[in-house]
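K.L.:
So I've got this file, structure_5.cif, and it contains mmCIF, C-alpha atoms and all ligand atoms:
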```cif
data_structure
loop_
_atom_site.group_PDB
_atom_site.id
_atom_site.type_symbol
_atom_site.label_atom_id
_atom_site.label_comp_id
_atom_site.auth_asym_id
_atom_site.auth_seq_id
_atom_site.Cartn_x
_atom_site.Cartn_y
_atom_site.Cartn_z
ATOM 1 C CA MET A 181 -20.501 -28.028 -31.113
ATOM 2 C CA LYS A 182 -21.267 -27.274 -34.730
ATOM 3 C CA PRO A 183 -22.028 -23.603 -35.242
ATOM 4 C CA SER A 184 -25.533 -22.645 -36.231
ATOM 5 C CA THR A 185 -25.957 -22.683 -39.997
ATOM 6 C CA SER A 186 -28.164 -19.654 -39.943
ATOM 7 C CA LEU A 187 -25.553 -17.666 -38.057
ATOM 8 C CA TRP A 188 -22.640 -18.652 -40.271
ATOM 9 C CA SER A 189 -24.536 -18.524 -43.544
ATOM 10 C CA ARG A 190 -26.143 -15.169 -42.859
ATOM 11 C CA PRO A 191 -25.362 -12.964 -45.887
ATOM 12 C CA LEU A 192 -23.517 -9.701 -45.389
ATOM 13 C CA VAL A 193 -25.730 -6.720 -46.129
ATOM 14 C CA ALA A 194 -24.787 -3.292 -47.307
ATOM 15 C CA THR A 195 -24.065 -0.727 -44.651
ATOM 16 C CA SER A 196 -27.044 1.411 -43.867
ATOM 17 C CA GLN A 197 -27.543 4.328 -41.530
ATOM 18 C CA ALA A 198 -29.310 2.029 -39.095
ATOM 19 C CA GLN A 199 -26.355 -0.340 -39.131
ATOM 20 C CA GLN A 200 -23.943 2.535 -38.501
ATOM 21 C CA ILE A 201 -25.981 3.482 -35.442
ATOM 22 C CA PHE A 202 -26.050 -0.168 -34.420
ATOM 23 C CA SER A 203 -22.292 -0.352 -34.901
ATOM 24 C CA ARG A 204 -21.693 2.756 -32.785
ATOM 25 C CA GLU A 205 -23.949 1.371 -30.051
ATOM 26 C CA ASN A 206 -22.075 -1.911 -30.191
ATOM 27 C CA ALA A 207 -18.781 -0.079 -29.824
ATOM 28 C CA MET A 208 -20.139 1.785 -26.809
ATOM 29 C CA ILE A 209 -21.362 -1.469 -25.274
ATOM 30 C CA ARG A 210 -17.966 -3.092 -25.864
ATOM 31 C CA HIS A 211 -16.229 -0.097 -24.311
ATOM 32 C CA THR A 212 -18.538 -0.215 -21.293
ATOM 33 C CA GLN A 213 -17.940 -3.950 -20.993
ATOM 34 C CA ARG A 214 -14.197 -3.392 -21.070
ATOM 35 C CA VAL A 215 -14.461 -0.780 -18.320
ATOM 36 C CA PHE A 216 -16.599 -3.089 -16.179
ATOM 37 C CA VAL A 217 -14.393 -6.090 -16.797
ATOM 38 C CA GLY A 218 -11.299 -4.014 -16.003
ATOM 39 C CA ALA A 219 -12.844 -2.667 -12.822
ATOM 40 C CA ALA A 220 -14.049 -6.121 -11.775
ATOM 41 C CA PHE A 221 -10.612 -7.564 -12.453
ATOM 42 C CA ALA A 222 -8.963 -4.840 -10.390
ATOM 43 C CA LEU A 223 -11.475 -5.385 -7.599
ATOM 44 C CA ALA A 224 -10.971 -9.130 -7.679
ATOM 45 C CA ALA A 225 -7.220 -8.650 -7.512
ATOM 46 C CA LEU A 226 -7.695 -6.209 -4.668
ATOM 47 C CA LEU A 227 -9.941 -8.508 -2.655
ATOM 48 C CA SER A 228 -8.239 -11.813 -3.305
ATOM 49 C CA GLY A 229 -5.896 -12.880 -0.562
ATOM 50 C CA SER A 230 -3.196 -15.305 -1.431
ATOM 51 C CA ALA A 231 -3.987 -18.723 -0.077
ATOM 52 C CA GLU A 232 -0.261 -19.316 0.051
ATOM 53 C CA ALA A 233 0.591 -16.361 2.285
ATOM 54 C CA VAL A 234 0.874 -17.612 5.847
ATOM 55 C CA LEU A 235 1.113 -15.154 8.703
ATOM 56 C CA THR A 236 3.857 -16.817 10.706
ATOM 57 C CA HIS A 237 4.476 -14.193 13.392
ATOM 58 C CA TYR A 238 2.110 -11.492 14.578
ATOM 59 C CA TRP A 239 2.642 -9.070 17.447
ATOM 60 C CA ASN A 240 -0.450 -6.882 17.897
ATOM 61 C CA PHE A 241 0.288 -5.730 21.475
ATOM 62 C CA GLU A 242 -3.344 -6.345 22.519
ATOM 63 C CA GLU A 243 -2.472 -8.409 25.618
ATOM 64 C CA PRO A 244 -5.137 -7.831 28.260
ATOM 65 C CA ASN A 245 -2.599 -8.646 30.932
ATOM 66 C CA GLY A 246 0.871 -7.730 29.860
ATOM 67 C CA THR A 247 2.467 -7.911 33.256
ATOM 68 C CA ALA A 248 3.377 -11.596 33.207
ATOM 69 C CA PRO A 249 5.990 -12.997 30.848
ATOM 70 C CA PRO A 250 5.782 -13.258 27.953
ATOM 71 C CA GLU A 251 4.625 -9.675 28.042
ATOM 72 C CA VAL A 252 4.397 -9.394 24.263
ATOM 73 C CA LYS A 253 2.793 -12.380 22.636
ATOM 74 C CA ASP A 254 3.315 -13.705 19.148
ATOM 75 C CA THR A 255 -0.325 -14.494 18.381
ATOM 76 C CA THR A 256 0.338 -16.786 15.417
ATOM 77 C CA GLY A 257 3.765 -18.191 16.257
ATOM 78 C CA THR A 258 6.055 -18.768 19.197
ATOM 79 C CA ARG A 259 8.357 -15.738 19.010
ATOM 80 C CA HIS A 260 7.107 -14.160 22.193
ATOM 81 C CA GLY A 261 8.803 -11.132 23.677
ATOM 82 C CA ASN A 262 9.421 -9.441 26.995
ATOM 83 C CA PHE A 263 9.735 -5.800 27.864
ATOM 84 C CA GLY A 264 13.369 -4.726 27.943
ATOM 85 C CA GLY A 265 15.138 -1.869 29.686
ATOM 86 C CA VAL A 266 12.706 0.340 31.571
ATOM 87 C CA MET A 267 9.689 -0.644 29.475
ATOM 88 C CA SER A 268 6.566 -1.802 31.294
ATOM 89 C CA ASP A 269 2.871 -2.520 30.815
ATOM 90 C CA ALA A 270 2.282 1.194 31.450
ATOM 91 C CA ASP A 271 3.866 1.864 28.051
ATOM 92 C CA ARG A 272 0.859 0.556 26.149
ATOM 93 C CA SER A 273 -0.875 3.422 24.373
ATOM 94 C CA ALA A 274 -4.441 3.974 23.167
ATOM 95 C CA ASP A 275 -2.994 5.827 20.178
ATOM 96 C CA VAL A 276 -3.412 3.258 17.403
ATOM 97 C CA PRO A 277 -3.467 3.337 13.602
ATOM 98 C CA ALA A 278 -7.070 3.968 12.568
ATOM 99 C CA ASN A 279 -6.759 2.257 9.201
ATOM 100 C CA SER A 280 -4.773 -0.881 9.936
ATOM 101 C CA GLY A 281 -7.690 -3.054 8.836
ATOM 102 C CA VAL A 282 -7.862 -4.847 12.175
ATOM 103 C CA VAL A 283 -9.272 -3.819 15.508
ATOM 104 C CA SER A 284 -6.492 -2.321 17.559
ATOM 105 C CA THR A 285 -6.934 -0.826 20.987
ATOM 106 C CA ARG A 286 -3.291 -0.587 22.042
ATOM 107 C CA SER A 287 0.068 0.151 20.569
ATOM 108 C CA LEU A 288 3.412 0.203 22.351
ATOM 109 C CA ASP A 289 4.850 3.635 23.122
ATOM 110 C CA PHE A 290 8.618 3.479 23.426
ATOM 111 C CA GLY A 291 8.822 7.130 24.427
ATOM 112 C CA THR A 292 10.102 10.263 22.747
ATOM 113 C CA PRO A 293 12.931 10.477 23.232
ATOM 114 C CA ASN A 294 13.783 6.865 23.950
ATOM 115 C CA PRO A 295 15.486 6.567 26.368
ATOM 116 C CA PRO A 296 14.093 9.302 28.582
ATOM 117 C CA VAL A 297 16.601 12.068 29.103
ATOM 118 C CA THR A 298 16.524 11.475 32.837
ATOM 119 C CA ASN A 299 17.076 7.749 32.526
ATOM 120 C CA GLY A 300 19.868 6.134 30.622
ATOM 121 C CA ALA A 301 18.014 2.848 30.109
ATOM 122 C CA GLY A 302 15.799 2.650 27.079
ATOM 123 C CA LYS A 303 12.594 0.876 26.182
ATOM 124 C CA TYR A 304 12.448 -2.048 23.800
ATOM 125 C CA VAL A 305 10.924 -5.495 23.348
ATOM 126 C CA ASP A 306 13.272 -8.444 23.615
ATOM 127 C CA VAL A 307 12.167 -11.236 21.290
ATOM 128 C CA TYR A 308 15.505 -13.049 21.595
ATOM 129 C CA THR A 309 15.538 -14.259 25.197
ATOM 130 C CA PRO A 310 12.213 -16.186 25.367
ATOM 131 C CA SER A 311 13.312 -18.370 22.423
ATOM 132 C CA ALA A 312 17.037 -18.143 23.171
ATOM 133 C CA SER A 313 17.570 -17.530 19.480
ATOM 134 C CA TYR A 314 17.171 -14.958 16.746
ATOM 135 C CA LEU A 315 14.353 -15.072 14.255
ATOM 136 C CA GLU A 316 16.398 -15.429 11.081
ATOM 137 C CA MET A 317 15.018 -14.098 7.806
ATOM 138 C CA GLY A 318 16.471 -16.125 4.987
ATOM 139 C CA ASN A 319 18.716 -14.341 2.492
ATOM 140 C CA THR A 320 17.298 -16.453 -0.325
ATOM 141 C CA ALA A 321 13.717 -16.851 0.861
ATOM 142 C CA ASP A 322 10.395 -15.169 0.148
ATOM 143 C CA TRP A 323 9.021 -13.285 3.123
ATOM 144 C CA THR A 324 7.227 -10.087 4.057
ATOM 145 C CA VAL A 325 7.534 -7.894 7.145
ATOM 146 C CA SER A 326 4.878 -5.284 7.888
ATOM 147 C CA LEU A 327 4.481 -2.890 10.816
ATOM 148 C CA TRP A 328 2.919 0.416 11.783
ATOM 149 C CA TYR A 329 5.171 3.195 13.104
ATOM 150 C CA LYS A 330 4.380 6.646 14.439
ATOM 151 C CA GLY A 331 7.042 8.951 15.726
ATOM 152 C CA THR A 332 9.416 11.827 15.301
ATOM 153 C CA ASP A 333 12.707 9.959 15.568
ATOM 154 C CA ALA A 334 15.361 11.760 13.530
ATOM 155 C CA GLY A 335 16.968 8.454 12.537
ATOM 156 C CA GLY A 336 20.685 7.828 12.569
ATOM 157 C CA ALA A 337 23.630 5.934 11.194
ATOM 158 C CA VAL A 338 23.639 2.193 10.517
ATOM 159 C CA GLN A 339 22.174 0.228 13.464
ATOM 160 C CA ASP A 340 21.537 3.404 15.493
ATOM 161 C CA ARG A 341 17.759 3.469 15.166
ATOM 162 C CA VAL A 342 16.531 -0.058 14.547
ATOM 163 C CA LEU A 343 12.809 -0.826 14.181
ATOM 164 C CA LEU A 344 13.188 -4.602 13.951
ATOM 165 C CA GLY A 345 16.517 -6.355 14.151
ATOM 166 C CA SER A 346 19.703 -6.906 16.056
ATOM 167 C CA THR A 347 23.400 -6.400 15.591
ATOM 168 C CA ALA A 348 23.851 -10.131 15.073
ATOM 169 C CA GLY A 349 23.190 -10.328 11.390
ATOM 170 C CA HIS A 350 24.244 -7.072 9.735
ATOM 171 C CA ALA A 351 20.751 -6.427 8.337
ATOM 172 C CA ASN A 352 18.007 -4.388 9.957
ATOM 173 C CA LEU A 353 14.817 -2.515 9.226
ATOM 174 C CA GLU A 354 15.629 0.903 10.646
ATOM 175 C CA LEU A 355 15.414 4.690 10.423
ATOM 176 C CA ARG A 356 18.227 6.474 8.638
ATOM 177 C CA THR A 357 19.267 10.084 9.298
ATOM 178 C CA GLY A 358 16.406 12.316 8.220
ATOM 179 C CA GLY A 359 13.742 9.827 9.288
ATOM 180 C CA TYR A 360 13.852 7.645 6.167
ATOM 181 C CA VAL A 361 12.935 4.002 6.616
ATOM 182 C CA VAL A 362 15.536 1.651 5.214
ATOM 183 C CA TYR A 363 16.239 -2.050 4.987
ATOM 184 C CA THR A 364 19.957 -1.984 5.597
ATOM 185 C CA HIS A 365 21.930 -5.014 4.513
ATOM 186 C CA TYR A 366 25.617 -5.804 4.438
ATOM 187 C CA ASN A 367 27.370 -6.756 1.259
ATOM 188 C CA GLY A 368 30.955 -5.848 1.924
ATOM 189 C CA GLY A 369 29.532 -2.476 2.931
ATOM 190 C CA TYR A 370 26.157 -1.410 4.257
ATOM 191 C CA GLN A 371 23.654 -0.908 1.446
ATOM 192 C CA ASP A 372 20.926 1.731 1.763
ATOM 193 C CA ASN A 373 19.279 1.202 -1.623
ATOM 194 C CA VAL A 374 16.048 -0.194 -0.112
ATOM 195 C CA ILE A 375 14.980 3.156 1.340
ATOM 196 C CA SER A 376 11.861 5.325 1.395
ATOM 197 C CA ASP A 377 11.419 8.377 -0.818
ATOM 198 C CA ALA A 378 10.085 10.453 2.037
ATOM 199 C CA PRO A 379 10.676 10.511 5.807
ATOM 200 C CA VAL A 380 8.250 8.568 8.001
ATOM 201 C CA ASN A 381 8.957 10.577 11.179
ATOM 202 C CA ASP A 382 6.152 13.145 10.785
ATOM 203 C CA ASN A 383 4.248 11.842 13.830
ATOM 204 C CA VAL A 384 1.585 10.195 11.651
ATOM 205 C CA TRP A 385 0.930 6.451 11.663
ATOM 206 C CA HIS A 386 2.622 4.852 8.659
ATOM 207 C CA ASN A 387 2.419 1.290 7.433
ATOM 208 C CA ILE A 388 5.873 0.054 6.461
ATOM 209 C CA THR A 389 6.001 -3.174 4.456
ATOM 210 C CA LEU A 390 9.114 -4.888 3.165
ATOM 211 C CA VAL A 391 8.582 -7.646 0.590
ATOM 212 C CA HIS A 392 11.621 -9.864 0.089
ATOM 213 C CA TYR A 393 12.125 -12.306 -2.763
ATOM 214 C CA ALA A 394 14.178 -15.473 -2.938
ATOM 215 C CA ASN A 395 16.264 -13.922 -5.730
ATOM 216 C CA GLN A 396 17.638 -11.402 -3.208
ATOM 217 C CA THR A 397 15.601 -8.404 -4.257
ATOM 218 C CA ALA A 398 12.979 -6.498 -2.300
ATOM 219 C CA ASP A 399 10.134 -3.998 -2.580
ATOM 220 C CA LEU A 400 9.608 -1.374 0.121
ATOM 221 C CA TYR A 401 6.170 0.172 0.639
ATOM 222 C CA VAL A 402 5.050 3.055 2.854
ATOM 223 C CA ASP A 403 1.255 3.222 3.252
ATOM 224 C CA ALA A 404 0.976 0.769 0.344
ATOM 225 C CA VAL A 405 2.867 3.115 -1.971
ATOM 226 C CA ALA A 406 5.940 1.499 -3.483
ATOM 227 C CA GLN A 407 9.139 3.319 -2.556
ATOM 228 C CA VAL A 408 11.453 0.957 -4.412
ATOM 229 C CA THR A 409 10.779 -2.285 -6.257
ATOM 230 C CA ASN A 410 13.072 -5.172 -7.144
ATOM 231 C CA GLU A 411 16.046 -3.511 -5.437
ATOM 232 C CA SER A 412 19.010 -5.732 -4.717
ATOM 233 C CA THR A 413 19.307 -7.103 -1.188
ATOM 234 C CA THR A 414 22.308 -9.248 -1.943
ATOM 235 C CA THR A 415 24.286 -10.080 1.132
ATOM 236 C CA THR A 416 26.679 -12.762 2.176
ATOM 237 C CA ALA A 417 25.357 -15.936 3.752
ATOM 238 C CA GLY A 418 26.891 -15.044 7.073
ATOM 239 C CA PHE A 419 24.949 -11.797 7.405
ATOM 240 C CA PRO A 420 21.231 -12.460 7.234
ATOM 241 C CA TRP A 421 18.578 -10.400 8.975
ATOM 242 C CA ARG A 422 18.297 -11.707 12.524
ATOM 243 C CA ILE A 423 15.468 -10.202 14.546
ATOM 244 C CA GLY A 424 16.092 -10.128 18.273
ATOM 245 C CA ALA A 425 14.382 -6.928 19.381
ATOM 246 C CA LEU A 426 11.777 -4.327 18.539
ATOM 247 C CA MET A 427 12.996 -0.708 18.565
ATOM 248 C CA THR A 428 16.657 -1.421 19.240
ATOM 249 C CA GLY A 429 19.465 -3.641 18.133
ATOM 250 C CA PRO A 430 20.558 -5.674 21.136
ATOM 251 C CA GLY A 431 24.247 -5.310 21.679
ATOM 252 C CA TYR A 432 24.004 -1.598 21.001
ATOM 253 C CA ASN A 433 21.829 -0.702 23.926
ATOM 254 C CA GLY A 434 22.930 2.906 23.794
ATOM 255 C CA PHE A 435 20.614 3.261 20.805
ATOM 256 C CA PHE A 436 16.860 3.057 21.112
ATOM 257 C CA THR A 437 14.257 4.143 18.591
ATOM 258 C CA SER A 438 11.624 6.656 19.665
ATOM 259 C CA GLY A 439 7.944 6.449 18.863
ATOM 260 C CA LYS A 440 5.067 4.007 18.752
ATOM 261 C CA LEU A 441 4.768 0.586 17.148
ATOM 262 C CA ASP A 442 1.716 -1.534 16.351
ATOM 263 C CA ASP A 443 0.605 -4.558 14.379
ATOM 264 C CA ALA A 444 3.932 -6.076 13.397
ATOM 265 C CA ARG A 445 3.572 -9.049 11.043
ATOM 266 C CA ILE A 446 5.812 -11.558 9.321
ATOM 267 C CA TYR A 447 4.590 -13.650 6.396
ATOM 268 C CA ASP A 448 6.431 -16.619 4.899
ATOM 269 C CA HIS A 449 5.537 -15.324 1.455
ATOM 270 C CA ALA A 450 6.286 -12.341 -0.780
ATOM 271 C CA LEU A 451 3.004 -10.447 -0.669
ATOM 272 C CA SER A 452 1.690 -9.128 -3.961
ATOM 273 C CA PHE A 453 0.787 -5.476 -4.305
ATOM 274 C CA PRO A 454 -2.968 -6.142 -3.787
ATOM 275 C CA GLU A 455 -2.094 -8.013 -0.592
ATOM 276 C CA VAL A 456 0.064 -5.125 0.634
ATOM 277 C CA TYR A 457 -2.777 -2.785 -0.253
ATOM 278 C CA GLN A 458 -5.091 -4.804 1.994
ATOM 279 C CA LEU A 459 -2.851 -4.001 4.956
ATOM 280 C CA VAL A 460 -3.871 -0.355 4.484
ATOM 281 C CA PRO A 461 -7.547 -0.768 3.585
ATOM 282 C CA GLU A 462 -8.661 2.804 4.140
ATOM 283 C CA PRO A 463 -5.744 4.897 3.015
ATOM 284 C CA SER A 464 -7.757 8.041 2.420
ATOM 285 C CA THR A 465 -4.673 10.026 1.573
ATOM 286 C CA VAL A 466 -3.160 7.439 -0.722
ATOM 287 C CA ALA A 467 -6.177 5.802 -2.357
ATOM 288 C CA LEU A 468 -5.473 7.184 -5.816
ATOM 289 C CA LEU A 469 -1.770 6.470 -5.554
ATOM 290 C CA GLY A 470 -2.705 2.967 -4.471
ATOM 291 C CA LEU A 471 -4.938 2.494 -7.483
ATOM 292 C CA ALA A 472 -2.120 3.693 -9.707
ATOM 293 C CA GLY A 473 0.146 1.233 -7.934
ATOM 294 C CA LEU A 474 -2.335 -1.574 -8.508
ATOM 295 C CA LEU A 475 -2.491 -0.838 -12.203
ATOM 296 C CA ALA A 476 1.307 -0.628 -12.397
ATOM 297 C CA TRP A 477 1.558 -3.942 -10.548
ATOM 298 C CA ARG A 478 -0.861 -5.572 -12.972
ATOM 299 C CA ARG A 479 1.114 -4.227 -15.939
ATOM 300 C CA LYS A 480 4.259 -5.649 -14.361
ATOM 301 C CA GLU A 481 2.536 -9.004 -13.823
ATOM 302 C CA ARG A 482 1.477 -9.147 -17.471
ATOM 303 C CA SER A 483 4.866 -8.150 -18.857
HETATM 304 CA CA CA B 1 -2.547 -3.182 18.562
#
```
Just dump the structure as structure tokens.
Ligand SMILES: [Ca+2]

P.N.:
Amino acid sequence: MKPSTSLWSRPLVATSQAQQIFSRENAMIRHTQRVFVGAAFALAALLSGSAEAVLTHYWNFEEPNGTAPPEVKDTTGTRHGNFGGVMSDADRSADVPANSGVVSTRSLDFGTPNPPVTNGAGKYVDVYTPSASYLEMGNTADWTVSLWYKGTDAGGAVQDRVLLGSTAGHANLELRTGGYVVYTHYNGGYQDNVISDAPVNDNVWHNITLVHYANQTADLYVDAVAQVTNESTTTTAGFPWRIGALMTGPGYNGFFTSGKLDDARIYDHALSFPEVYQLVPEPSTVALLGLAGLLAWRRKERS
């Protein structure tokens, strides 16, 4: 469209006091607009879910009748599980994360300690046997694993205190000595570079989210606060992450992880920071850190 002649031919006039005021007001309006646009953009990023992110496996432990196999149902996939060791339906707990963003009435309580001192057999969920196979997380694939953990487990050496995993693939999401959450992976030696800054064993519900990229790097979040980003997860093709159990690594049944677990999810997609943030929608203690994280993520996206 041809621009208006009157607009483009309007003569410039000398600066007057009125124009200076007008100019200052314009600057204020532009500044306000920028603030609103920035806030709206942040909000849009926060609220927009990725249409590409598919929740492929979801264990929420809400089974109304958990006494018949499969006792732990995969509500979006087919990786159902059964109680292992001395675990039973009585080990469902009403202690649930209050800010998981979904209605939760039950978690699974694996005991503290697990196993009970008076009983050598531990509590875990076996997600291997019903499918007769491990759920293999590709070394060179995008995926995200998210879960809620509450406990006081002191952690341990490699494969001692597994949250999700097995001993079949030399990679696990687990608790290291001191209660740090770590995505251990084997690359000629066990790598602990994808590890939390702070322990997660303070008996408070924590959301733990591991975002893995096809280029063999990962981000680790605790309560939607990035602990590490773009850390190497390089491992050899023969040692992927193979999930066969919750709260132990089958094959090492002397080791069981203490505490409670809820709302474990697997996505076939590397969630963005706003999507991770949505998993912890009311993080009263981390809201400002989350906002800072969002802004950092947006800067990273732009760079
Ligand atoms: Ca639940």

K.L.:
List the spatial neighbours of Ala278 in chain A as a PyMOL selection string - criterion: any atom at most 12 Å away, all atoms listed in the file, same-chain residues fewer than 2 positions off excluded.

P.N.:
chain A and resi 274-276+280-287+328+330+384-387+442-443+459-464

K.L.:
Evaluated on this file, the PyMOL selection byres (((chain A and resi 238) around 10) and not hetatm) picks out some residues - which ones are they, written as JSON, numbers by chain?

P.N.:
{"A": [235, 236, 237, 239, 240, 241, 253, 254, 255, 256, 257, 258, 259, 260, 325, 326, 327, 443, 444, 445, 446, 447]}

K.L.:
Given all atoms listed in the file as the basis, pick out the residue of A:Ala270, A:Val252, A:Ile423, A:Val342 nearest to ligand CA 1 (chain B).

P.N.:
A:Val252

K.L.:
If we count all atoms listed in the file and set the cut-off at 8 Å, which residues sit around Thr292 in chain A, ignoring sequence neighbours fewer than 5 positions away in its own chain? Please answer as a ChimeraX atom specification.

P.N.:
/A:331-333,438-439

K.L.:
Out of A:Ala417, A:Ala301, A:Val380, A:Leu288, which residue has the shortest atom-to-atom distance to ligand CA 1 (chain B) when counting only C-alpha atoms and all ligand atoms?

P.N.:
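Selected residue with least distance to ligand CA 1 (chain B): A:Leu288.
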
K.L.:
Which one is closest to Thr415 in chain A: A:Ala351, A:Met267, A:Met317, A:Ala450? Count all atoms listed in the file.

P.N.:
A:Ala351

K.L.:
When you draw a straight line from CA of Val234 in chain A to CA of Tyr304 in chain A, how long is it in Å?

P.N.:
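We find that CA of Val234 in chain A and CA of Tyr304 in chain A lie 26.4 Å from each other.
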
K.L.:
So which residues get picked by the PyMOL selection byres (((chain A and resi 449) around 8) and not hetatm) here, written as an NGL selection string?

P.N.:
:A and (232-234 or 322-324 or 447-448 or 450-451)

K.L.:
Which residues, written as a list in words, have at least one atom at most 8 Å from Pro250 in chain A, with only C-alpha atoms counted and residues fewer than 4 positions away on the same chain left out?

P.N.:
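Once the nearby chain positions are removed, what remains is Gly246, His260, Gly261, Asn262 and Pro310 of chain A.
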
K.L.:
The residues within 12 Å of (9.1, -2.4, 34.5), using all atoms listed in the file and the coordinates of the file, should be reported as a PyMOL selection string; which are they?

P.N.:
chain A and resi 246-249+251+262-271+301-305

K.L.:
I would like the residues chosen by the PyMOL selection byres (((chain A and resi 413) around 10) and not hetatm) on the shown file; could you give them as a list in words?

P.N.:
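That selection, the PyMOL selection byres (((chain A and resi 413) around 10) and not hetatm), comes back as Asn319, Thr320, Ala351, Tyr363, Thr364, His365, Tyr366, Asn367, Gln371, Asp372, Asn373, Val374, His392, Tyr393, Ala394, Asn395, Gln396, Thr397, Ala398, Asp399, Asn410, Glu411, Ser412, Thr414, Thr415 and Thr416 of chain A.
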
K.L.:
Figure out the distance between CA of Gln407 in chain A and CA of Gly335 in chain A, please, to one decimal in Å.

P.N.:
17.8 Å

K.L.:
Hey, what's within 9 Å of Ser313 in chain A if we count only C-alpha atoms and toss same-chain stuff fewer than 5 positions away? As a list of chain:residue names, please?

P.N.:
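Skipping anything fewer than 5 positions along the chain leaves A:Val307, A:Tyr308, A:Gly424.
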
K.L.:
Pick out the closest residue to ligand CA 1 (chain B) from this set: A:Lys440, A:Ala312, A:Gly429, A:Ser346. Count all atoms listed in the file.

P.N.:
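Counting all atoms listed in the file, the residue closest to ligand CA 1 (chain B) is A:Lys440.
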
K.L.:
Interatomic distance between CA of Ile388 in chain A and CA of Gly369 in chain A?

P.N.:
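That distance, rounded to one decimal, is 24.1 Å.
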
K.L.:
Hey, which of A:Val297, A:Phe435, A:Asn279, A:Val405 ends up closest to ligand CA 1 (chain B)? Count all atoms listed in the file.

P.N.:
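Checking each of A:Val297, A:Phe435, A:Asn279, A:Val405 against ligand CA 1 (chain B), counting all atoms listed in the file, the winner is A:Asn279.
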